[in-house]
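Q: Here you go, work14.csv (CSV, C-alpha atoms):
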chain,number,residue,atom,x,y,z
A,174,MET,CA,149.4,80.6,110.4
A,175,ASP,CA,152.7,79.9,112.1
A,176,GLY,CA,151.9,77.7,115.0
A,177,THR,CA,151.8,80.4,117.6
A,178,THR,CA,148.8,82.3,116.1
A,179,LYS,CA,145.5,81.1,115.0
A,180,ASN,CA,143.0,82.5,112.5
A,181,THR,CA,139.6,83.2,113.9
A,182,ILE,CA,136.5,82.1,112.1
A,183,LEU,CA,133.0,83.3,112.9
A,184,VAL,CA,130.3,80.6,112.4
A,185,VAL,CA,126.9,82.2,111.8
A,186,ASP,CA,124.0,79.8,111.9
A,187,ASP,CA,120.7,79.8,113.7
A,188,ASN,CA,121.0,76.0,114.3
A,189,ALA,CA,122.7,75.5,117.6
A,190,ASP,CA,123.7,71.9,116.9
A,191,LEU,CA,125.3,72.9,113.6
A,192,ARG,CA,127.2,75.8,115.3
A,193,LYS,CA,128.5,73.3,117.8
A,194,ALA,CA,129.5,70.7,115.2
A,195,LEU,CA,131.3,73.3,113.0
A,196,SER,CA,133.0,74.7,116.0
A,197,LEU,CA,134.4,71.3,117.0
A,198,ARG,CA,135.6,70.6,113.5
A,199,LEU,CA,137.3,74.0,113.1
A,200,GLN,CA,138.9,74.0,116.5
A,201,ALA,CA,140.2,70.5,115.8
A,202,ASN,CA,141.8,72.0,112.7
A,203,GLY,CA,143.5,74.8,114.6
A,204,TYR,CA,141.1,77.7,114.3
A,205,ASN,CA,139.7,80.0,116.9
A,206,VAL,CA,135.9,80.0,116.6
A,207,LEU,CA,133.3,82.6,117.4
A,208,THR,CA,129.6,82.0,116.8
A,209,ALA,CA,126.5,84.0,116.1
A,210,ALA,CA,122.9,82.9,115.8
A,211,ASP,CA,121.4,85.7,113.8
A,212,ALA,CA,122.2,88.5,111.4
A,213,LEU,CA,122.3,91.2,113.9
A,214,SER,CA,124.7,89.5,116.3
A,215,ALA,CA,126.8,88.3,113.4
A,216,THR,CA,127.3,91.9,112.2
A,217,THR,CA,128.1,93.1,115.7
A,218,THR,CA,130.6,90.3,116.2
A,219,ILE,CA,132.3,91.0,112.9
A,220,VAL,CA,132.6,94.7,113.6
A,221,LYS,CA,133.9,94.2,117.1
A,222,GLN,CA,136.1,91.1,116.7
A,223,GLU,CA,137.0,91.3,113.0
A,224,PRO,CA,137.4,87.6,112.4
A,225,ASN,CA,139.6,86.4,109.6
A,226,LEU,CA,136.8,84.5,107.9
A,227,VAL,CA,133.0,84.1,108.2
A,228,ILE,CA,131.0,81.0,107.6
A,229,LEU,CA,127.6,82.3,106.9
A,230,ASP,CA,124.2,80.7,106.7
A,231,LEU,CA,121.6,82.6,104.6
A,232,GLY,CA,118.4,81.9,106.4
A,233,LEU,CA,118.8,83.8,109.7
A,234,PRO,CA,116.7,85.6,112.2
A,235,CYS,CA,116.9,89.4,112.2
A,236,GLY,CA,117.7,89.7,108.6
A,237,ASP,CA,119.5,87.1,106.5
A,238,GLY,CA,122.9,86.3,105.2
A,239,PHE,CA,122.6,88.7,102.3
A,240,VAL,CA,121.9,91.5,104.8
A,241,VAL,CA,125.1,90.6,106.6
A,242,MET,CA,127.2,90.6,103.4
A,243,GLU,CA,125.6,93.9,102.3
A,244,ARG,CA,126.7,95.5,105.6
A,245,LEU,CA,130.2,94.2,105.3
A,246,GLN,CA,130.6,95.5,101.7
A,247,LYS,CA,129.9,99.0,103.0
A,248,HIS,CA,133.1,99.0,105.0
A,249,ASP,CA,136.4,99.0,103.2
A,250,ARG,CA,138.2,96.9,105.8
A,251,LEU,CA,135.3,94.5,106.7
A,252,ALA,CA,134.6,93.9,103.0
A,253,GLN,CA,138.0,92.2,102.8
A,254,ILE,CA,137.0,89.5,105.3
A,255,PRO,CA,136.3,86.4,103.2
A,256,VAL,CA,132.8,84.9,103.6
A,257,ILE,CA,131.9,81.3,102.9
A,258,VAL,CA,128.2,80.7,102.5
A,259,LEU,CA,126.9,77.4,104.0
A,260,THR,CA,123.2,77.2,103.5
A,261,GLY,CA,120.3,74.9,103.3
A,262,ARG,CA,118.7,77.1,100.6
A,263,GLY,CA,118.7,76.1,96.9
A,264,LYS,CA,121.6,76.8,94.6
A,265,ALA,CA,119.5,78.1,91.7
A,266,ASN,CA,118.2,81.1,93.5
A,267,ASN,CA,121.0,81.8,95.8
A,268,MET,CA,124.5,80.9,94.6
A,269,ASP,CA,125.0,83.6,92.0
A,270,ARG,CA,123.4,86.2,94.2
A,271,ALA,CA,125.7,85.2,97.1
A,272,LEU,CA,128.8,85.3,95.0
A,273,ARG,CA,127.8,88.7,93.6
A,274,ALA,CA,127.1,89.9,97.2
A,275,GLY,CA,130.8,89.2,98.0
A,276,ALA,CA,130.9,85.5,99.1
A,277,THR,CA,134.1,83.7,98.4
A,278,ALA,CA,132.5,80.3,98.1
A,279,PHE,CA,129.0,78.7,98.3
A,280,PHE,CA,128.2,75.4,99.8
A,281,GLN,CA,124.9,73.7,100.3
A,282,LYS,CA,124.4,71.7,103.5
A,283,PRO,CA,125.5,69.1,104.3
A,284,VAL,CA,129.1,69.8,103.1
A,285,GLU,CA,132.0,67.5,103.2
A,286,ASP,CA,134.5,68.6,105.9
A,287,GLY,CA,137.4,68.3,103.4
A,288,GLN,CA,135.7,70.6,101.0
A,289,LEU,CA,134.9,73.2,103.6
A,290,LEU,CA,138.4,73.1,105.1
A,291,LEU,CA,140.0,73.5,101.7
A,292,ALA,CA,137.8,76.5,100.9
A,293,ILE,CA,138.7,78.0,104.2
A,294,TRP,CA,142.4,77.4,103.7
A,295,LYS,CA,142.2,78.9,100.1
A,296,ALA,CA,140.2,81.9,101.2
A,297,LEU,CA,142.6,82.7,104.1
A,298,ASP,CA,145.6,82.2,101.8
A,299,VAL,CA,144.3,84.3,98.9
A,300,HIS,CA,143.1,87.1,101.1
A,301,ARG,CA,146.2,87.1,103.3
A,302,VAL,CA,144.2,88.5,106.1
A,303,PRO,CA,146.3,89.8,109.0
A,304,VAL,CA,146.1,87.5,112.0
A,305,ASN,CA,144.5,89.1,115.0
A,306,ASN,CA,145.9,87.2,117.9
B,220,MET,CA,115.6,65.6,88.2
B,221,ILE,CA,112.1,66.5,89.2
B,222,LEU,CA,110.0,65.4,92.1
B,223,PRO,CA,108.2,62.5,90.4
B,224,PHE,CA,105.3,62.0,92.7
B,225,LEU,CA,104.4,65.7,92.9
B,226,ALA,CA,104.8,66.0,89.1
B,227,GLU,CA,102.4,63.2,88.6
B,228,MET,CA,99.9,64.6,91.1
B,229,VAL,CA,100.0,68.0,89.3
B,230,TYR,CA,99.7,66.2,85.9
B,231,ARG,CA,96.6,64.3,87.1
B,232,VAL,CA,94.9,67.4,88.5
B,233,VAL,CA,95.6,69.3,85.3
B,234,GLN,CA,94.4,66.5,83.2
B,235,SER,CA,91.2,66.1,85.0
B,236,LYS,CA,90.6,69.9,84.8
B,237,THR,CA,91.5,70.0,81.1
B,238,MET,CA,89.4,66.9,80.2
B,239,GLU,CA,86.5,68.5,81.9
B,240,HIS,CA,86.6,71.4,79.4
B,241,ASN,CA,87.8,69.6,76.3
B,242,THR,CA,85.3,66.8,76.3
B,243,ASP,CA,82.2,68.9,76.9
B,244,PRO,CA,82.1,72.4,75.4
B,245,GLY,CA,78.7,72.8,76.7
B,246,ALA,CA,80.2,72.6,80.2
B,247,ALA,CA,80.5,76.4,80.0
B,248,SER,CA,77.1,76.7,81.7
B,249,GLN,CA,78.2,74.6,84.7
B,250,SER,CA,78.8,76.0,88.1
B,251,ILE,CA,82.2,77.4,88.8
B,252,GLY,CA,82.5,74.7,91.4
B,253,GLU,CA,84.3,74.6,94.7
B,254,LEU,CA,87.2,76.8,93.6
B,255,PRO,CA,87.6,79.6,96.2
B,256,TYR,CA,87.1,82.5,93.9
B,257,ALA,CA,86.1,85.9,95.4
B,258,VAL,CA,83.0,86.8,93.4
B,259,PRO,CA,82.3,88.6,91.4
B,260,VAL,CA,85.5,88.0,89.5
B,261,GLN,CA,86.4,91.3,88.0
B,262,VAL,CA,87.5,91.2,84.3
B,263,LEU,CA,88.9,94.2,82.5
B,264,GLN,CA,88.1,94.6,78.9
B,265,ILE,CA,90.4,96.9,77.0
B,266,ASP,CA,88.6,97.3,73.8
B,267,GLY,CA,88.3,100.3,71.5
B,268,SER,CA,86.4,98.7,68.8
B,269,SER,CA,83.2,100.3,67.5
B,270,ASP,CA,79.9,98.9,68.7
B,271,HIS,CA,79.2,97.3,65.3
B,272,LEU,CA,82.0,94.8,66.2
B,273,PRO,CA,80.6,93.5,69.4
B,274,LEU,CA,82.5,91.0,71.6
B,275,LEU,CA,79.5,88.8,72.0
B,276,ARG,CA,77.2,87.7,69.2
B,277,ASN,CA,74.2,88.3,71.4
B,278,ALA,CA,74.6,91.5,73.5
B,279,SER,CA,71.7,90.5,75.7
B,280,LYS,CA,73.7,87.6,77.0
B,281,TRP,CA,76.0,89.8,79.1
B,282,ASP,CA,73.9,89.2,82.1
B,283,SER,CA,74.6,85.5,81.9
B,284,LEU,CA,78.3,85.9,82.6
B,285,GLU,CA,78.1,85.5,86.3
B,286,PRO,CA,80.2,85.2,88.4
B,287,PHE,CA,82.3,87.4,86.1
B,288,GLN,CA,81.8,91.1,86.0
B,289,ILE,CA,83.3,92.9,83.0
B,290,THR,CA,84.5,96.5,83.0
B,291,ARG,CA,85.2,98.0,79.7
B,292,LYS,CA,87.9,100.7,78.9
B,293,ARG,CA,88.0,102.0,75.4
B,294,THR,CA,91.6,103.2,75.2
B,295,LEU,CA,94.9,101.5,76.1
B,296,ALA,CA,95.8,104.4,78.4
B,297,ALA,CA,92.5,104.1,80.3
B,298,GLY,CA,93.0,100.3,80.5
B,299,LEU,CA,96.5,100.6,81.8
B,300,GLU,CA,95.4,103.0,84.4
B,301,ALA,CA,92.6,100.7,85.5
B,302,LEU,CA,95.1,97.9,85.8
B,303,GLN,CA,97.1,99.7,88.4
B,304,SER,CA,94.4,98.8,90.9
B,305,SER,CA,94.4,95.2,92.2
B,306,LEU,CA,90.7,94.9,91.4
B,307,PHE,CA,91.0,92.8,88.2
B,308,ARG,CA,91.8,89.1,87.8
B,309,ILE,CA,91.6,88.7,84.0
B,310,VAL,CA,92.3,91.1,81.1
B,311,LEU,CA,90.5,90.9,77.8
B,312,LEU,CA,92.6,92.9,75.3
B,313,ASP,CA,91.6,94.1,71.8
B,314,LEU,CA,94.9,94.1,70.0
B,315,SER,CA,94.0,97.1,67.9
B,316,VAL,CA,93.0,99.2,70.9
B,317,SER,CA,95.8,101.7,70.3
B,318,THR,CA,97.8,103.2,67.5
B,319,LEU,CA,100.7,101.0,68.6
B,320,PRO,CA,101.5,97.9,66.5
B,321,GLN,CA,99.2,95.2,67.8
B,322,ILE,CA,101.7,93.1,69.6
B,323,GLU,CA,103.2,96.2,71.3
B,324,SER,CA,99.8,96.8,72.9
B,325,LEU,CA,100.0,93.4,74.4
B,326,THR,CA,103.6,94.0,75.6
B,327,GLU,CA,102.4,97.2,77.4
B,328,VAL,CA,99.5,95.4,79.1
B,329,LEU,CA,101.6,92.4,80.1
B,330,GLY,CA,104.1,94.8,81.7
B,331,VAL,CA,101.5,96.4,83.8
B,332,ALA,CA,99.3,93.3,84.4
B,333,LYS,CA,102.0,91.7,86.6
B,334,GLY,CA,101.1,88.1,86.1
B,335,LEU,CA,97.4,88.6,85.4
B,336,PRO,CA,96.2,86.4,82.6
B,337,VAL,CA,95.6,88.3,79.3
B,338,ILE,CA,93.2,87.0,76.7
B,339,VAL,CA,93.4,88.8,73.4
B,340,LEU,CA,90.4,89.5,71.2
B,341,VAL,CA,90.8,88.9,67.6
B,342,ASN,CA,88.6,89.3,64.6
B,343,GLU,CA,87.6,86.3,62.4
B,344,GLY,CA,90.3,85.8,59.8
B,345,SER,CA,93.1,87.2,61.9
B,346,MET,CA,93.7,84.2,64.2
B,347,THR,CA,97.4,84.3,63.4
B,348,ASN,CA,97.4,87.5,65.6
B,349,GLY,CA,96.0,85.3,68.4
B,350,SER,CA,98.7,82.7,68.0
B,351,GLU,CA,101.4,85.3,67.9
B,352,ALA,CA,100.0,86.9,71.0
B,353,MET,CA,100.1,83.6,72.8
B,354,ARG,CA,103.8,83.2,71.8
B,355,ARG,CA,104.4,86.7,73.4
B,356,GLY,CA,102.7,85.9,76.6
B,357,ALA,CA,98.9,86.0,76.2
B,358,GLN,CA,97.2,83.1,77.8
B,359,ASN,CA,94.6,82.6,75.1
B,360,TYR,CA,92.7,84.3,72.4
B,361,LEU,CA,89.0,84.8,71.7
B,362,LEU,CA,87.2,85.4,68.5
B,363,ARG,CA,85.1,88.6,68.4
B,364,GLY,CA,81.5,87.9,68.0
B,365,CYS,CA,81.6,84.7,69.9
B,366,LYS,CA,78.7,83.2,72.0
B,367,SER,CA,78.5,84.1,75.6
B,368,ASP,CA,79.0,80.4,76.5
B,369,ALA,CA,82.4,80.5,74.8
B,370,LEU,CA,83.4,83.6,76.7
B,371,LEU,CA,82.2,82.2,80.0
B,372,HIS,CA,84.1,78.9,79.2
B,373,ILE,CA,87.4,80.6,78.6
B,374,LEU,CA,87.0,82.8,81.7
B,375,LYS,CA,86.4,79.8,83.9
B,376,HIS,CA,89.3,77.9,82.4
B,377,THR,CA,91.5,81.0,83.0
B,378,MET,CA,90.5,81.2,86.6
B,379,GLU,CA,91.0,77.5,87.2
B,380,ARG,CA,94.5,77.7,85.7
B,381,GLN,CA,95.3,80.6,87.9
B,382,PHE,CA,94.1,78.6,90.9
B,383,LEU,CA,96.2,75.6,90.0
B,384,LEU,CA,99.3,77.8,89.4
B,385,ALA,CA,98.7,79.3,92.9
B,386,GLU,CA,98.5,75.9,94.4
B,387,ILE,CA,101.6,74.8,92.7
B,388,GLU,CA,103.4,77.9,93.9
B,389,ASP,CA,102.3,77.0,97.5
B,390,GLY,CA,103.7,73.5,96.9
B,391,LYS,CA,107.0,74.9,95.7
B,392,GLN,CA,107.3,77.1,98.7
B,393,SER,CA,106.5,74.2,100.9
B,394,ILE,CA,109.1,72.0,99.2
B,395,ALA,CA,111.7,74.8,99.5
B,396,ARG,CA,111.0,75.1,103.3
B,397,GLU,CA,111.1,71.4,103.9
B,398,SER,CA,114.2,70.9,101.8
B,399,HIS,CA,115.9,73.6,103.9
B,400,GLU,CA,114.9,71.9,107.1
B,401,LEU,CA,116.0,68.5,105.9
B,402,ARG,CA,119.4,69.9,104.9
B,403,ASN,CA,120.0,71.4,108.3
B,404,ALA,CA,119.1,68.2,110.0
B,405,LEU,CA,121.3,66.2,107.6
B,406,ALA,CA,124.1,68.6,108.1
B,407,CYS,CA,124.0,68.0,111.9
B,408,ILE,CA,124.0,64.2,111.6
B,409,HIS,CA,126.7,64.4,108.9
B,410,GLN,CA,129.0,66.7,111.0
B,411,PHE,CA,128.6,64.9,114.3
B,412,GLY,CA,129.0,61.5,112.6
B,413,ASN,CA,132.3,62.6,111.2
B,414,ILE,CA,133.3,64.1,114.5
B,415,LEU,CA,132.8,60.7,116.1
B,416,LEU,CA,134.6,58.9,113.2
B,417,ASP,CA,137.5,61.2,113.4
B,418,GLY,CA,137.8,60.6,117.2
B,419,LEU,CA,137.3,64.3,118.0
B,420,ALA,CA,135.0,63.2,120.8
B,421,GLY,CA,137.3,60.4,122.0
B,422,PRO,CA,138.2,57.0,120.8
B,423,ILE,CA,135.6,54.7,119.4
B,424,SER,CA,135.6,50.9,118.9
B,425,GLU,CA,135.6,49.2,115.5
B,426,ASP,CA,131.9,48.2,115.9
B,427,GLN,CA,131.0,51.8,116.7
B,428,ARG,CA,133.0,53.0,113.7
B,429,GLU,CA,131.1,50.6,111.5
B,430,TYR,CA,127.7,51.7,112.8
B,431,VAL,CA,128.5,55.4,112.4
B,432,GLY,CA,129.7,54.6,108.9
B,433,ILE,CA,126.4,53.0,108.2
B,434,MET,CA,124.6,56.0,109.6
B,435,LEU,CA,126.6,58.4,107.3
B,436,ASN,CA,126.0,56.2,104.2
B,437,ASN,CA,122.3,56.6,104.9
B,438,VAL,CA,122.7,60.3,105.3
B,439,SER,CA,124.2,60.4,101.8
B,440,ARG,CA,121.2,58.5,100.5
B,441,VAL,CA,118.8,61.0,102.0
B,442,ARG,CA,120.9,63.8,100.7
B,443,VAL,CA,120.5,62.5,97.1
B,444,ILE,CA,116.7,62.6,97.7
B,445,VAL,CA,116.9,66.1,99.0
B,446,GLU,CA,119.0,67.1,96.0
B,447,ASN,CA,116.1,66.0,93.8
B,448,LEU,CA,113.6,68.0,95.8
B,449,ARG,CA,115.5,71.2,95.4
B,450,GLU,CA,114.4,72.6,92.0
B,451,PRO,CA,110.6,72.1,91.6
B,452,ASP,CA,110.6,74.9,89.0
B,453,GLU,CA,111.6,72.4,86.4
B,454,PHE,CA,108.2,70.8,86.0
B,455,VAL,CA,105.9,73.6,86.8
B,456,ALA,CA,106.1,75.6,83.6
B,457,ASP,CA,105.0,72.7,81.4
B,458,SER,CA,102.5,71.1,83.8
B,459,ILE,CA,99.5,73.3,83.1
B,460,PRO,CA,98.3,73.7,79.6
B,461,SER,CA,98.2,77.4,78.8
B,462,THR,CA,95.3,77.0,76.5
B,463,ILE,CA,92.4,74.8,75.5
B,464,GLY,CA,92.1,76.3,72.0
B,465,ALA,CA,90.4,79.2,70.5
B,466,TYR,CA,86.7,80.1,70.9
Before we go any further, please render this structure as structure tokens.
A:
Amino acid sequence: MDGTTKNTILVVDDNADLRKALSLRLQANGYNVLTAADALSATTTIVKQEPNLVILDLGLPCGDGFVVMERLQKHDRLAQIPVIVLTGRGKANNMDRALRAGATAFFQKPVEDGQLLLAIWKALDVHRVPVNN
Amino acid sequence: MILPFLAEMVYRVVQSKTMEHNTDPGAASQSIGELPYAVPVQVLQIDGSSDHLPLLRNASKWDSLEPFQITRKRTLAAGLEALQSSLFRIVLLDLSVSTLPQIESLTEVLGVAKGLPVIVLVNEGSMTNGSEAMRRGAQNYLLRGCKSDALLHILKHTMERQFLLAEIEDGKQSIARESHELRNALACIHQFGNILLDGLAGPISEDQREYVGIMLNNVSRVRVIVENLREPDEFVADSIPSTIGAY
């Protein structure tokens, strides 16, 4: 990010309050933010907008976070978009599965802002995703 | 960590159920009680032994096994085929029912039984086979030529154990759901608290900062509690005795 362009992050969570809180936090840290409340609209938004990173809840209407990751993995370009899972589900049954499904990082809610922002920064840096806007 | 109060509750229920059996072997003739079994409870007996080695000492006692209804298959293949239906709740398995090594018969049945309790039938003098079978996944073993009371007793215990396991599974699901909801609520409070503290919603006074800080400290405390709720699996496996001994 060079000061004139911003990375775009898609926040996918069915909890409207949490979408708003994450949006505020990410915008305050210089990111453009898109939001989606279910697996279907998340997939549609990713295909149409190609965000630089996705913060993805696992428990979603119209499918779940794993369905979203599975769809991304089927497309060469979309599979390159880093996905950070942020979920209320348990680690034991979900973390390994999420990482195998293509997630870059896995956090349980609530997450410290610093940890999340660091993971975002690392994921964007490692993946060197081209900036859209 | 485990969920202490739930663990204790489960322990007490199991203890009371187990005591009921262990202290009074004659209890086999008691009613099956209030447990919501669909009756008759279908039991599959996979037993190729000849008729001079009967399962029950007194063959005329078969009628007294209500609410259990036993269907016998004389070969492993026929037994496995019968198991494909969802009719049966318990399997009684003669370990020598096929030409396979004895424990392999059990492995075959466990693979098809999909969680159904399997009780192996052993001859007197070969109880080590029963112990070995339990190590491999059988729930219990029963000596061939036993009294009908003993068979009834072990079948009832098996159903009660299954019932408790189902209740615990429901509890686990409930804890998982509630934990998920709590985490979402905590995440919102945590995020918005920090948004206020960081001044993203405008400046706040020192008093307001202190109060939001207190709020966030308490979020952290609740978070620790939720962390301890998250893996109820830890106590479940050891909570219910798998056996009350051989009969």
Q: Per residue of chain A within 12 Å of chain B, which atom pair is closest and at what distance in Å (one decimal), using all atoms listed in the file, listed by chain and increasing number, as JSON lines?
A:
{"residue": "A:Asp186", "atom": "CA", "partner": "B:Asn403", "partner_atom": "CA", "distance": 10.0}
{"residue": "A:Asp187", "atom": "CA", "partner": "B:Asn403", "partner_atom": "CA", "distance": 10.0}
{"residue": "A:Asn188", "atom": "CA", "partner": "B:Asn403", "partner_atom": "CA", "distance": 7.6}
{"residue": "A:Ala189", "atom": "CA", "partner": "B:Cys407", "partner_atom": "CA", "distance": 9.5}
{"residue": "A:Asp190", "atom": "CA", "partner": "B:Cys407", "partner_atom": "CA", "distance": 6.3}
{"residue": "A:Leu191", "atom": "CA", "partner": "B:Cys407", "partner_atom": "CA", "distance": 5.3}
{"residue": "A:Arg192", "atom": "CA", "partner": "B:Cys407", "partner_atom": "CA", "distance": 9.1}
{"residue": "A:Lys193", "atom": "CA", "partner": "B:Phe411", "partner_atom": "CA", "distance": 9.1}
{"residue": "A:Ala194", "atom": "CA", "partner": "B:Gln410", "partner_atom": "CA", "distance": 5.8}
{"residue": "A:Leu195", "atom": "CA", "partner": "B:Gln410", "partner_atom": "CA", "distance": 7.3}
{"residue": "A:Ser196", "atom": "CA", "partner": "B:Gln410", "partner_atom": "CA", "distance": 10.2}
{"residue": "A:Leu197", "atom": "CA", "partner": "B:Leu419", "partner_atom": "CA", "distance": 7.6}
{"residue": "A:Arg198", "atom": "CA", "partner": "B:Ile414", "partner_atom": "CA", "distance": 7.0}
{"residue": "A:Leu199", "atom": "CA", "partner": "B:Ile414", "partner_atom": "CA", "distance": 10.8}
{"residue": "A:Gln200", "atom": "CA", "partner": "B:Leu419", "partner_atom": "CA", "distance": 9.9}
{"residue": "A:Ala201", "atom": "CA", "partner": "B:Leu419", "partner_atom": "CA", "distance": 7.2}
{"residue": "A:Asn202", "atom": "CA", "partner": "B:Leu419", "partner_atom": "CA", "distance": 10.4}
{"residue": "A:Asp230", "atom": "CA", "partner": "B:Asn403", "partner_atom": "CA", "distance": 10.3}
{"residue": "A:Leu231", "atom": "CA", "partner": "B:His399", "partner_atom": "CA", "distance": 10.7}
{"residue": "A:Gly232", "atom": "CA", "partner": "B:His399", "partner_atom": "CA", "distance": 9.0}
{"residue": "A:Leu259", "atom": "CA", "partner": "B:Ala406", "partner_atom": "CA", "distance": 10.1}
{"residue": "A:Thr260", "atom": "CA", "partner": "B:His399", "partner_atom": "CA", "distance": 8.1}
{"residue": "A:Gly261", "atom": "CA", "partner": "B:His399", "partner_atom": "CA", "distance": 4.6}
{"residue": "A:Arg262", "atom": "CA", "partner": "B:His399", "partner_atom": "CA", "distance": 5.6}
{"residue": "A:Gly263", "atom": "CA", "partner": "B:Arg449", "partner_atom": "CA", "distance": 6.0}
{"residue": "A:Lys264", "atom": "CA", "partner": "B:Arg449", "partner_atom": "CA", "distance": 8.3}
{"residue": "A:Ala265", "atom": "CA", "partner": "B:Glu450", "partner_atom": "CA", "distance": 7.5}
{"residue": "A:Asn266", "atom": "CA", "partner": "B:Glu450", "partner_atom": "CA", "distance": 9.4}
{"residue": "A:Asn267", "atom": "CA", "partner": "B:Glu450", "partner_atom": "CA", "distance": 11.9}
{"residue": "A:Phe280", "atom": "CA", "partner": "B:Ala406", "partner_atom": "CA", "distance": 11.5}
{"residue": "A:Gln281", "atom": "CA", "partner": "B:Arg402", "partner_atom": "CA", "distance": 8.1}
{"residue": "A:Lys282", "atom": "CA", "partner": "B:Arg402", "partner_atom": "CA", "distance": 5.5}
{"residue": "A:Pro283", "atom": "CA", "partner": "B:Ala406", "partner_atom": "CA", "distance": 4.1}
{"residue": "A:Val284", "atom": "CA", "partner": "B:Ala406", "partner_atom": "CA", "distance": 7.2}
{"residue": "A:Glu285", "atom": "CA", "partner": "B:His409", "partner_atom": "CA", "distance": 8.4}
{"residue": "A:Asp286", "atom": "CA", "partner": "B:Gln410", "partner_atom": "CA", "distance": 7.7}
{"residue": "A:Gly287", "atom": "CA", "partner": "B:Asn413", "partner_atom": "CA", "distance": 10.9}
{"residue": "A:Leu289", "atom": "CA", "partner": "B:Gln410", "partner_atom": "CA", "distance": 11.5}
Q: Can you tell me, as a ChimeraX atom specification, what residues are no more than 12 Å from Met242 of chain A when counting only C-alpha atoms, ignoring any on the same chain fewer than 2 positions away?
A: /A:185,212-213,215-216,219,227-231,236-240,244-248,251-258,270-277
Q: How far is it from atom CA of Asn180 of chain A to atom CA of Lys221 of chain A, in Å with one decimal?
A: 15.5 Å
Q: So how far away is atom CA of Arg380 of chain B from atom CA of Ile394 of chain B, in Å?
A: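 Spanning atom CA of Ile394 of chain B to atom CA of Arg380 of chain B is a straight-line distance of 20.7 Å.
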Q: So what do you get for atom CA of Ser324 of chain B versus atom CA of Leu370 of chain B, distance-wise?
A: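 Rounded to one decimal, the two atoms are 21.4 Å apart.
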Q: Name all residues at most 6 Å from Val206 of chain A (count all atoms listed in the file; drop same-chain ones fewer than 6 positions away) and give them as an MDAnalysis selection string.
A: chainID A and resid 181:183
Q: Go through B:Leu314, B:Leu335, B:Leu274, B:Met378 one by one, measure the shortest atom-to-atom distance of each to Leu302 of chain B using all atoms listed in the file, and give the residue with the smallest value.
A: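 Of all the options, B:Leu335 lies closest to Leu302 of chain B.
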Q: Please provide as a list in words all residues within 7 Å of segment 291-298 of chain B, with the sequence filter that same-chain residues fewer than 4 positions apart are discarded (counting only C-alpha atoms).
A: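 In the requested format, the answer is Leu263, Gln264, Ile265, Asp266, Gly267, Leu302, Val316 and Ser317 of chain B.
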